[in-house]
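To be precise, the following lines are my_file_28.cif, and they hold mmCIF, C-alpha atoms and all ligand atoms.
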```
data_input
#
loop_
_atom_site.label_atom_id
_atom_site.label_comp_id
_atom_site.auth_asym_id
_atom_site.auth_seq_id
_atom_site.Cartn_x
_atom_site.Cartn_y
_atom_site.Cartn_z
CA MET A 1 -19.55 -0.12 31.08
CA SER A 2 -17.60 2.07 28.63
CA GLU A 3 -18.42 2.32 24.94
CA ALA A 4 -15.25 0.41 24.07
CA GLN A 5 -16.20 -2.39 26.47
CA LEU A 6 -19.71 -2.55 24.98
CA ALA A 7 -18.26 -2.74 21.45
CA ALA A 8 -15.88 -5.49 22.58
CA LEU A 9 -18.79 -7.41 24.13
CA ALA A 10 -20.87 -7.08 20.95
CA ALA A 11 -17.92 -8.22 18.85
CA ALA A 12 -17.36 -11.22 21.12
CA VAL A 13 -20.75 -12.65 20.20
CA THR A 14 -20.63 -11.77 16.51
CA THR A 15 -20.48 -14.76 14.24
CA ILE A 16 -19.50 -14.98 10.60
CA ARG A 17 -23.18 -15.45 9.72
CA LEU A 18 -24.21 -12.28 11.59
CA VAL A 19 -21.40 -10.06 10.36
CA THR A 20 -21.98 -11.22 6.77
CA LYS A 21 -25.71 -10.46 6.99
CA GLU A 22 -24.93 -7.02 8.43
CA ALA A 23 -22.44 -6.37 5.61
CA GLN A 24 -24.93 -7.47 2.95
CA ARG A 25 -27.61 -5.18 4.38
CA ARG A 26 -25.27 -2.19 4.46
CA LEU A 27 -24.05 -2.74 0.89
CA ALA A 28 -27.57 -3.33 -0.46
CA ALA A 29 -28.79 -0.15 1.26
CA VAL A 30 -26.35 1.99 -0.74
CA GLY A 31 -27.18 0.25 -4.04
CA ILE A 32 -24.19 -2.08 -4.50
CA GLU A 33 -25.31 -4.46 -7.26
CA GLN A 34 -24.09 -7.75 -5.79
CA PRO A 35 -24.16 -7.23 -2.03
CA ALA A 36 -23.97 -10.92 -1.08
CA LEU A 37 -20.97 -11.61 -3.28
CA GLU A 38 -19.10 -8.49 -2.22
CA ALA A 39 -19.89 -9.06 1.46
CA ALA A 40 -18.39 -12.55 1.18
CA TRP A 41 -15.21 -11.17 -0.46
CA LEU A 42 -14.82 -8.47 2.19
CA VAL A 43 -15.29 -11.02 4.99
CA GLU A 44 -12.76 -13.27 3.25
CA HIS A 45 -10.26 -10.40 3.14
CA ALA A 46 -10.71 -9.62 6.83
CA VAL A 47 -11.00 -13.13 8.25
CA GLY A 48 -9.06 -15.25 5.78
CA LEU A 49 -11.87 -17.73 5.08
CA SER A 50 -13.06 -18.39 1.53
CA PRO A 51 -16.79 -17.85 0.82
CA LEU A 52 -17.21 -21.64 0.96
CA LEU A 53 -15.55 -21.90 4.39
CA GLN A 54 -17.62 -18.95 5.60
CA ARG A 55 -20.68 -21.14 5.04
CA VAL A 56 -19.10 -24.17 6.66
CA LYS A 57 -17.97 -22.13 9.69
CA ALA A 58 -20.93 -19.74 9.81
CA ASP A 59 -21.18 -20.04 13.62
CA ARG A 60 -17.55 -19.23 14.30
CA THR A 61 -17.27 -16.11 16.45
CA LEU A 62 -15.12 -13.23 15.26
CA THR A 63 -12.46 -11.56 17.38
CA ALA A 64 -12.96 -7.85 18.09
CA ALA A 65 -10.14 -7.07 15.64
CA GLU A 66 -11.73 -9.17 12.85
CA CYS A 67 -15.09 -7.57 13.45
CA GLU A 68 -13.61 -4.09 13.33
CA CYS A 69 -11.73 -4.98 10.14
CA VAL A 70 -14.89 -6.24 8.37
CA ARG A 71 -16.80 -3.12 9.34
CA THR A 72 -14.04 -0.80 8.15
CA LEU A 73 -13.88 -2.56 4.77
CA VAL A 74 -17.66 -2.52 4.40
CA GLU A 75 -17.83 1.19 5.22
CA ARG A 76 -15.17 1.98 2.60
CA ARG A 77 -17.14 0.04 -0.01
CA ALA A 78 -20.40 1.61 1.10
CA ARG A 79 -18.86 5.00 0.29
CA ARG A 80 -18.46 3.60 -3.28
CA GLU A 81 -14.70 3.10 -3.11
CA PRO A 82 -13.98 0.47 -5.80
CA LEU A 83 -13.87 -3.07 -4.44
CA GLN A 84 -10.40 -3.49 -5.98
CA TYR A 85 -8.98 -0.63 -3.90
CA VAL A 86 -10.66 -1.96 -0.76
CA LEU A 87 -9.21 -5.43 -1.36
CA GLY A 88 -5.96 -3.97 -2.74
CA THR A 89 -5.83 -6.23 -5.77
CA GLN A 90 -7.00 -6.73 -9.36
CA GLU A 91 -6.39 -9.61 -11.73
CA PHE A 92 -4.86 -8.80 -15.13
CA CYS A 93 -3.63 -11.30 -17.74
CA GLY A 94 -4.05 -14.05 -15.15
CA ARG A 95 -1.92 -12.39 -12.46
CA ALA A 96 -2.80 -10.45 -9.33
CA PHE A 97 -1.72 -6.80 -9.30
CA HIS A 98 -1.60 -4.69 -6.17
CA VAL A 99 -3.68 -1.54 -6.62
CA THR A 100 -4.29 1.59 -4.56
CA SER A 101 -5.97 4.86 -5.38
CA ALA A 102 -2.63 6.01 -6.86
CA VAL A 103 -3.21 3.86 -9.95
CA LEU A 104 -5.92 3.04 -12.46
CA ILE A 105 -7.53 -0.33 -11.82
CA PRO A 106 -6.38 -2.49 -14.78
CA ARG A 107 -9.22 -3.18 -17.22
CA PRO A 108 -9.74 -6.41 -19.18
CA GLU A 109 -9.78 -4.59 -22.55
CA SER A 110 -6.16 -3.50 -21.98
CA THR A 111 -5.05 -7.14 -22.35
CA LEU A 112 -5.48 -6.46 -26.10
CA LEU A 113 -2.39 -4.25 -25.89
CA VAL A 114 -0.34 -7.00 -24.26
CA ALA A 115 -1.43 -9.58 -26.82
CA GLU A 116 -0.57 -7.24 -29.69
CA VAL A 117 2.90 -6.42 -28.33
CA VAL A 118 3.63 -10.11 -27.86
CA ARG A 119 2.35 -10.94 -31.34
CA ARG A 120 4.50 -8.25 -32.95
CA CYS A 121 7.62 -9.30 -31.03
CA ALA A 122 7.24 -13.05 -31.66
CA ASN A 123 10.14 -12.99 -34.13
CA HIS A 124 12.06 -10.32 -32.28
CA PRO A 125 12.22 -11.55 -28.68
CA ALA A 126 14.96 -9.12 -27.58
CA ALA A 127 12.85 -6.10 -28.57
CA ALA A 128 13.07 -2.76 -26.77
CA ILE A 129 9.57 -1.92 -25.52
CA VAL A 130 8.34 1.20 -23.74
CA ASP A 131 5.16 1.33 -21.65
CA VAL A 132 4.06 4.97 -21.35
CA GLY A 133 1.80 5.69 -18.36
CA THR A 134 2.57 2.42 -16.64
CA GLY A 135 0.28 2.97 -13.61
CA SER A 136 0.16 -0.34 -11.73
CA GLY A 137 2.74 -1.73 -14.15
CA CYS A 138 0.22 -4.27 -15.44
CA LEU A 139 1.23 -3.85 -19.11
CA ALA A 140 4.99 -3.70 -18.48
CA VAL A 141 4.93 -6.75 -16.20
CA SER A 142 2.68 -8.82 -18.49
CA VAL A 143 4.83 -8.00 -21.53
CA ALA A 144 8.10 -8.66 -19.67
CA LEU A 145 6.86 -12.05 -18.46
CA SER A 146 5.63 -13.03 -21.93
CA LEU A 147 8.86 -11.91 -23.60
CA PRO A 148 11.67 -12.89 -21.22
CA LYS A 149 14.42 -11.51 -23.48
CA ALA A 150 12.80 -8.13 -24.11
CA ARG A 151 14.14 -4.90 -22.68
CA VAL A 152 11.19 -3.12 -21.05
CA LEU A 153 11.08 0.53 -19.99
CA ALA A 154 8.14 1.83 -17.93
CA ILE A 155 7.33 5.53 -17.60
CA ASP A 156 4.81 7.41 -15.49
CA ILE A 157 4.46 11.04 -14.53
CA SER A 158 3.17 10.02 -11.09
CA SER A 159 5.77 9.05 -8.50
CA GLU A 160 3.00 7.46 -6.39
CA ALA A 161 2.02 5.23 -9.32
CA LEU A 162 5.63 4.19 -9.84
CA VAL A 163 5.83 2.99 -6.21
CA ILE A 164 2.93 0.60 -6.94
CA ALA A 165 4.37 -0.41 -10.34
CA ARG A 166 7.72 -1.30 -8.75
CA ARG A 167 5.97 -3.29 -6.04
CA ASN A 168 4.15 -5.32 -8.71
CA MET A 169 7.37 -5.82 -10.67
CA VAL A 170 9.05 -7.21 -7.54
CA GLN A 171 6.00 -9.35 -6.71
CA HIS A 172 6.13 -10.92 -10.17
CA GLY A 173 9.90 -11.32 -10.19
CA CYS A 174 10.64 -9.08 -13.16
CA ASP A 175 11.88 -5.89 -11.47
CA ALA A 176 15.44 -6.52 -12.63
CA ARG A 177 14.28 -6.54 -16.25
CA ILE A 178 12.17 -3.38 -16.25
CA ASP A 179 13.62 0.12 -15.95
CA CYS A 180 11.24 2.66 -14.44
CA PHE A 181 11.34 6.36 -15.21
CA GLU A 182 9.37 9.23 -13.76
CA GLY A 183 8.43 11.97 -16.22
CA ASP A 184 6.26 13.33 -19.00
CA LEU A 185 5.52 10.81 -21.79
CA LEU A 186 8.74 9.88 -23.62
CA ALA A 187 10.87 12.77 -22.26
CA PRO A 188 12.66 10.53 -19.68
CA LEU A 189 14.22 8.57 -22.56
CA GLY A 190 16.47 11.59 -23.16
CA ASP A 191 18.19 12.88 -26.25
CA ALA A 192 20.65 10.21 -27.23
CA GLU A 193 20.55 6.64 -25.90
CA TRP A 194 17.11 5.62 -27.13
CA ARG A 195 16.65 7.72 -30.28
CA GLN A 196 15.38 5.50 -33.11
CA LYS A 197 16.09 2.37 -31.03
CA ILE A 198 12.64 1.44 -29.71
CA ASP A 199 10.74 -1.40 -31.36
CA VAL A 200 7.34 -0.91 -29.71
CA ILE A 201 5.78 1.91 -27.72
CA VAL A 202 2.65 0.76 -25.92
CA SER A 203 0.33 3.02 -23.97
CA ASN A 204 -3.01 3.12 -22.28
CA PRO A 205 -3.09 6.89 -21.85
CA PRO A 206 -5.73 8.90 -20.00
CA TYR A 207 -8.55 9.34 -22.53
CA ILE A 208 -11.67 10.68 -20.83
CA ALA A 209 -12.70 14.17 -21.95
CA ASP A 210 -12.14 16.51 -18.99
CA ASN A 211 -15.80 17.53 -18.74
CA GLU A 212 -16.95 13.88 -18.78
CA ILE A 213 -15.14 12.89 -15.59
CA SER A 214 -17.79 14.24 -13.24
CA LYS A 215 -20.40 12.16 -15.12
CA LEU A 216 -18.62 8.83 -14.58
CA GLN A 217 -19.90 6.33 -12.02
CA PRO A 218 -18.66 7.35 -8.54
CA GLU A 219 -16.26 4.40 -8.27
CA VAL A 220 -14.31 5.79 -11.26
CA GLY A 221 -14.82 9.56 -11.19
CA CYS A 222 -14.35 10.05 -7.45
CA PHE A 223 -11.68 7.44 -6.65
CA GLU A 224 -9.46 6.66 -9.64
CA PRO A 225 -6.64 9.20 -10.09
CA ARG A 226 -7.52 12.15 -12.30
CA LEU A 227 -4.06 11.88 -13.87
CA ALA A 228 -5.05 8.44 -15.14
CA LEU A 229 -8.36 9.59 -16.57
CA ALA A 230 -8.23 13.16 -17.87
CA GLY A 231 -7.23 13.34 -21.53
CA GLY A 232 -7.88 17.03 -22.21
CA PRO A 233 -10.91 18.73 -23.77
CA ASP A 234 -11.71 15.85 -26.20
CA GLY A 235 -9.85 13.09 -24.37
CA MET A 236 -7.20 12.68 -27.08
CA GLU A 237 -4.57 15.19 -26.04
CA VAL A 238 -2.12 12.53 -24.83
CA HIS A 239 -2.60 10.43 -27.99
CA ARG A 240 -1.71 13.45 -30.13
CA ARG A 241 1.37 14.20 -28.02
CA LEU A 242 2.47 10.58 -28.25
CA LEU A 243 2.06 10.67 -32.04
CA GLN A 244 4.38 13.69 -32.08
CA GLN A 245 7.03 12.22 -29.80
CA ALA A 246 7.04 8.54 -30.82
CA PRO A 247 8.88 9.01 -34.18
CA ILE A 248 11.86 10.40 -32.27
CA TYR A 249 12.37 7.08 -30.45
CA LEU A 250 10.90 4.43 -32.75
CA ARG A 251 13.18 2.70 -35.23
CA SER A 252 11.88 2.69 -38.78
CA GLY A 253 9.09 0.08 -38.85
CA GLY A 254 8.66 0.28 -35.06
CA ALA A 255 5.11 0.38 -33.74
CA LEU A 256 3.08 2.69 -31.54
CA LEU A 257 0.07 0.94 -29.94
CA MET A 258 -2.41 3.11 -28.07
CA GLU A 259 -5.61 2.27 -26.27
CA VAL A 260 -8.44 4.69 -27.14
CA GLY A 261 -11.86 5.46 -25.70
CA PHE A 262 -15.27 4.79 -27.22
CA GLY A 263 -15.58 6.64 -30.56
CA GLN A 264 -11.98 7.94 -30.59
CA ALA A 265 -10.31 5.44 -32.92
CA ALA A 266 -11.08 7.22 -36.22
CA ALA A 267 -9.83 10.59 -34.97
CA VAL A 268 -6.62 9.08 -33.59
CA CYS A 269 -6.02 7.24 -36.90
CA ARG A 270 -6.53 10.52 -38.74
CA ALA A 271 -4.07 12.33 -36.49
CA ALA A 272 -1.50 9.57 -37.12
CA GLU A 273 -2.00 9.83 -40.87
CA GLU A 274 -1.77 13.64 -40.83
CA SER A 275 1.52 13.52 -38.95
CA GLY A 276 3.15 12.00 -42.03
CA TRP A 277 5.30 9.67 -39.90
CA PHE A 278 3.18 6.51 -39.91
CA GLY A 279 1.81 3.99 -42.39
CA ALA A 280 -1.87 3.04 -42.49
CA ALA A 281 -3.32 2.54 -39.02
CA THR A 282 -5.06 -0.64 -37.89
CA VAL A 283 -7.70 -0.73 -35.18
CA LEU A 284 -8.25 -3.69 -32.85
CA GLN A 285 -11.70 -4.20 -31.41
CA ASP A 286 -12.45 -5.27 -27.87
CA ASP A 287 -14.96 -7.98 -26.93
CA ALA A 288 -17.80 -5.46 -27.14
CA GLY A 289 -16.86 -4.61 -30.76
CA ILE A 290 -15.52 -1.17 -29.81
CA GLY A 291 -12.40 0.08 -31.63
CA ARG A 292 -10.05 -0.07 -28.64
CA VAL A 293 -6.43 -0.12 -29.83
CA VAL A 294 -4.89 1.96 -32.60
CA CYS A 295 -1.69 0.50 -34.07
CA VAL A 296 0.63 2.47 -36.32
CA GLU A 297 4.10 1.78 -37.67
CA LYS A 298 6.75 4.38 -38.27
CA ARG A 299 7.86 4.98 -41.82
CA GLU A 300 10.05 7.71 -43.21
CA PRO A 301 7.79 10.69 -44.01
CA GLN A 302 6.23 10.84 -47.48
CA ARG A 303 5.72 14.56 -47.18
CA GLU A 304 6.40 17.36 -44.75
CA PRO A 305 4.77 16.47 -41.38
CA CYS A 306 1.99 18.91 -40.66
CA MET A 307 1.68 18.93 -36.85
CA GLY A 308 3.01 22.05 -35.15
CA ASP A 309 6.24 20.84 -33.60
CA ARG A 310 6.72 17.95 -36.06
CA ARG A 311 8.31 19.99 -38.80
CA GLN A 312 11.79 18.73 -38.05
CA ARG A 313 12.67 15.13 -38.69
CA PRO A 314 13.32 13.31 -35.42
C1 LIG A 401 -5.14 5.11 -17.99
S1 LIG A 401 -3.81 4.94 -16.86
C2 LIG A 401 -3.07 3.43 -17.46
C3 LIG A 401 -2.36 2.64 -16.39
C4 LIG A 401 -1.91 1.25 -16.84
N1 LIG A 401 -0.98 1.33 -17.95
C5 LIG A 401 -3.10 0.41 -17.23
O1 LIG A 401 -3.25 0.11 -18.41
O2 LIG A 401 -3.88 0.03 -16.36
C6 LIG A 401 -2.75 6.22 -17.47
C7 LIG A 401 -1.44 6.41 -16.72
O3 LIG A 401 -0.71 7.43 -17.39
C8 LIG A 401 -0.08 8.26 -16.46
N2 LIG A 401 0.13 9.56 -17.12
C9 LIG A 401 -0.78 10.55 -17.33
N3 LIG A 401 -0.20 11.57 -17.98
C10 LIG A 401 1.09 11.21 -18.20
C11 LIG A 401 2.18 11.85 -18.84
N4 LIG A 401 2.06 13.08 -19.39
N5 LIG A 401 3.37 11.20 -18.87
C12 LIG A 401 3.51 9.97 -18.32
N6 LIG A 401 2.51 9.32 -17.71
C13 LIG A 401 1.30 9.92 -17.66
C14 LIG A 401 -1.03 8.30 -15.27
O4 LIG A 401 -0.35 8.65 -14.09
C15 LIG A 401 -1.57 6.87 -15.28
O5 LIG A 401 -0.80 6.04 -14.44
#
```

Let me see the structure of the file written as C-alpha cells.
Amino acid sequence: MSEAQLAALAAAVTTIRLVTKEAQRRLAAVGIEQPALEAAWLVEHAVGLSPLLQRVKADRTLTAAECECVRTLVERRARREPLQYVLGTQEFCGRAFHVTSAVLIPRPESTLLVAEVVRRCANHPAAAIVDVGTGSGCLAVSVALSLPKARVLAIDISSEALVIARRNMVQHGCDARIDCFEGDLLAPLGDAEWRQKIDVIVSNPPYIADNEISKLQPEVGCFEPRLALAGGPDGMEVHRRLLQQAPIYLRSGGALLMEVGFGQAAAVCRAAEESGWFGAATVLQDDAGIGRVVCVEKREPQREPCMGDRRQRP
C-alpha cells in the first residue's frame, strides 16, 4: 500500500475526538498557553463545527481533506504563527476583520482612537478624516461606520496591506465611502486639494524601537510585518514625521491623534509642543493605565517652529 493510501486509511478512521486530542498534544508540546481552546478553534475552522458541536459529534469521522486541513492549521500554529493569521480573522470594535501577514493584527487598545475620533466629530458629522497607516483598515472602517456622513481617506505605504484594507471595506459595505491611497504618510494627499481641509488625522503608526523587534514574542516579531512595527531607533520616528506633516493638511483647530507605545507619550507630547503648531497635548490611557493615545490640535504658531523642515508655515 502506498504512503498516500495509508494516510487516506488513517484519515478515514480519524474522529473529531481523536484529531482534537492530537492537535491539543501538538500545541501543548510547543508551549501554546491554551492548547485545548486553540485546538477547538482550529478544528472549527477546518470542519465547520462549533466547539460545542465538536463535543456533541465527537465520534463523527473526518474526511481525508478535513483531516489534512486540521493538521496544516495546527502545524502553522505550532510554528508560532499568530492564531489570527491562521484563522484569517480578528475582531475589532465588534466586527470581524480579515487579516493576513501583510497587516498588523488589530489590537483592542486601538479602539481608543476610534472612540476619540467619533467623540470629536459628534457635532461635525461630515468631517474629513485621514487614517495614516491603515493596515487592515480597522480604524478607517470603524470610523466610517460610526460616522456615516464623514469623508474618510486611508493611506498605507504597503500595497499588500491596502489589498486587505479594501477587502475589509467591501466586506463591511463602506468601500464607496473610503478613498485609499498608497504612499508615504500624508504625501498622497498632494499639494492642493486637501491643504488645511482635514478635520482629524488618526494614526496607529509603527512604534517599536528597531532593536526591540527581535526581543518581541515570536508571534509578533517573526510574523507581523516589519513595516507595521519598526518605528526607528527610539520607535518615535513616524510620530515626529507626522507632527511635521500634519499642520500642512489640518484646518486650524483640527486634531492629530496618534497611538504611542509604552513610555512614549511624554516624548511625543514634547515633540508636539516644540513644533510650535499645536496646543497643549492630552493623553488617553488604555485599560492597563498606559498612556496610549496622544491628541493635539492645530493652532497658528505662537513662535517660529523649531523642527528642521518646519520653518515655513504650511
Ligand atoms: C501599527 S500598523 C497599524 C495598522 C492599523 N491602522 C491598526 O491600527 O491595526 C502601522 C501601519 O502603517 C503602515 N506604514 C508604515 N510606515 C508608513 C509610512 N511611512 N507611510 C504610510 N504607512 C506606513 C504599515 O504598513 C502598517 O500597515

Query raised in the report: How would you write, as an NGL selection string, the set of residues no farther than 7 Å from ligand LIG 401 (chain A) when counting all atoms listed in the file?
Result: :A and (103-107 or 110 or 132-139 or 155-158 or 161 or 183-185 or 203-206 or 227-229 or 238)

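Considering the residues A:Arg76, A:Arg166, A:Arg26, A:Arg226 and counting all atoms listed in the file, A:Glu212 has its shortest atom-to-atom contact with A:Arg226.
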
Requested in this report: Work out how far apart atom CA of A:Leu87 and atom CA of A:Ser146 are and give it in Å to one decimal.
Outcome: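 Atom-to-atom, atom CA of A:Leu87 to atom CA of A:Ser146, that is 26.5 Å.
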
Requested in this report: Tell me which of A:Ala96, A:Val47, A:Leu62, A:Ala36 sits closest to A:Thr15, counting only C-alpha atoms.
Outcome: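 Of A:Ala96, A:Val47, A:Leu62, A:Ala36, the one nearest A:Thr15 is A:Leu62, counting only C-alpha atoms.
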
**Report entry** Separation of atom CA of A:Glu259 from atom CA of A:Gly291, in Å and rounded to one decimal
**Finding:**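 Calculated distance between atom CA of A:Glu259 and atom CA of A:Gly291 is 8.9 Å.
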
Can you check which parts of stretch 98-173 of chain A lie within 12 Å of stretch 271-284 of chain A? Per residue, the shortest pair of atoms and distance in Å to one decimal, counting all atoms listed in the file, sorted by chain and number, as a Markdown table.
```
| residue | atom | partner | partner_atom | distance |
| --- | --- | --- | --- | --- |
| A:Glu109 | CA | A:Leu284 | CA | 10.5 |
| A:Ser110 | CA | A:Leu284 | CA | 11.1 |
| A:Thr111 | CA | A:Leu284 | CA | 11.5 |
| A:Leu112 | CA | A:Leu284 | CA | 7.8 |
| A:Leu113 | CA | A:Leu284 | CA | 9.1 |
| A:Ala115 | CA | A:Leu284 | CA | 10.8 |
| A:Glu116 | CA | A:Leu284 | CA | 9.0 |
```

Query - Closest of A:Tyr85, A:Val13, A:Pro148, A:Leu162 to A:Cys174 - atom-to-atom distances counting all atoms listed in the file - result: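 Of A:Tyr85, A:Val13, A:Pro148, A:Leu162, the one nearest A:Cys174 is A:Pro148, counting all atoms listed in the file.
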
Stretch 271-296 of chain A from the block above, C-alpha atoms, as a PDB file, in the first residue's frame, please?
```pdb
ATOM      1  CA  ALA A 271       7.809  66.993  20.266  1.00  0.00           C
ATOM      2  CA  ALA A 272       4.320  68.351  19.517  1.00  0.00           C
ATOM      3  CA  GLU A 273       4.861  71.301  21.837  1.00  0.00           C
ATOM      4  CA  GLU A 274       8.306  72.047  20.394  1.00  0.00           C
ATOM      5  CA  SER A 275       6.929  72.126  16.862  1.00  0.00           C
ATOM      6  CA  GLY A 276       5.003  75.280  17.742  1.00  0.00           C
ATOM      7  CA  TRP A 277       1.984  74.166  15.689  1.00  0.00           C
ATOM      8  CA  PHE A 278      -0.165  72.544  18.374  1.00  0.00           C
ATOM      9  CA  GLY A 279      -1.931  73.492  21.595  1.00  0.00           C
ATOM     10  CA  ALA A 280      -1.447  71.535  24.820  1.00  0.00           C
ATOM     11  CA  ALA A 281      -1.484  67.785  24.246  1.00  0.00           C
ATOM     12  CA  THR A 282      -3.825  65.389  26.017  1.00  0.00           C
ATOM     13  CA  VAL A 283      -3.019  61.744  26.642  1.00  0.00           C
ATOM     14  CA  LEU A 284      -5.627  58.980  26.779  1.00  0.00           C
ATOM     15  CA  GLN A 285      -4.870  55.920  28.854  1.00  0.00           C
ATOM     16  CA  ASP A 286      -5.686  52.366  27.884  1.00  0.00           C
ATOM     17  CA  ASP A 287      -7.310  49.813  30.210  1.00  0.00           C
ATOM     18  CA  ALA A 288      -3.914  48.993  31.709  1.00  0.00           C
ATOM     19  CA  GLY A 289      -3.366  52.662  32.652  1.00  0.00           C
ATOM     20  CA  ILE A 290      -0.695  53.155  29.971  1.00  0.00           C
ATOM     21  CA  GLY A 291      -0.629  56.499  28.127  1.00  0.00           C
ATOM     22  CA  ARG A 292      -1.725  55.155  24.740  1.00  0.00           C
ATOM     23  CA  VAL A 293      -3.075  57.986  22.576  1.00  0.00           C
ATOM     24  CA  VAL A 294      -1.625  61.471  22.189  1.00  0.00           C
ATOM     25  CA  CYS A 295      -4.121  64.086  20.979  1.00  0.00           C
ATOM     26  CA  VAL A 296      -3.081  67.509  19.742  1.00  0.00           C
TER      27      VAL A 296
END
```
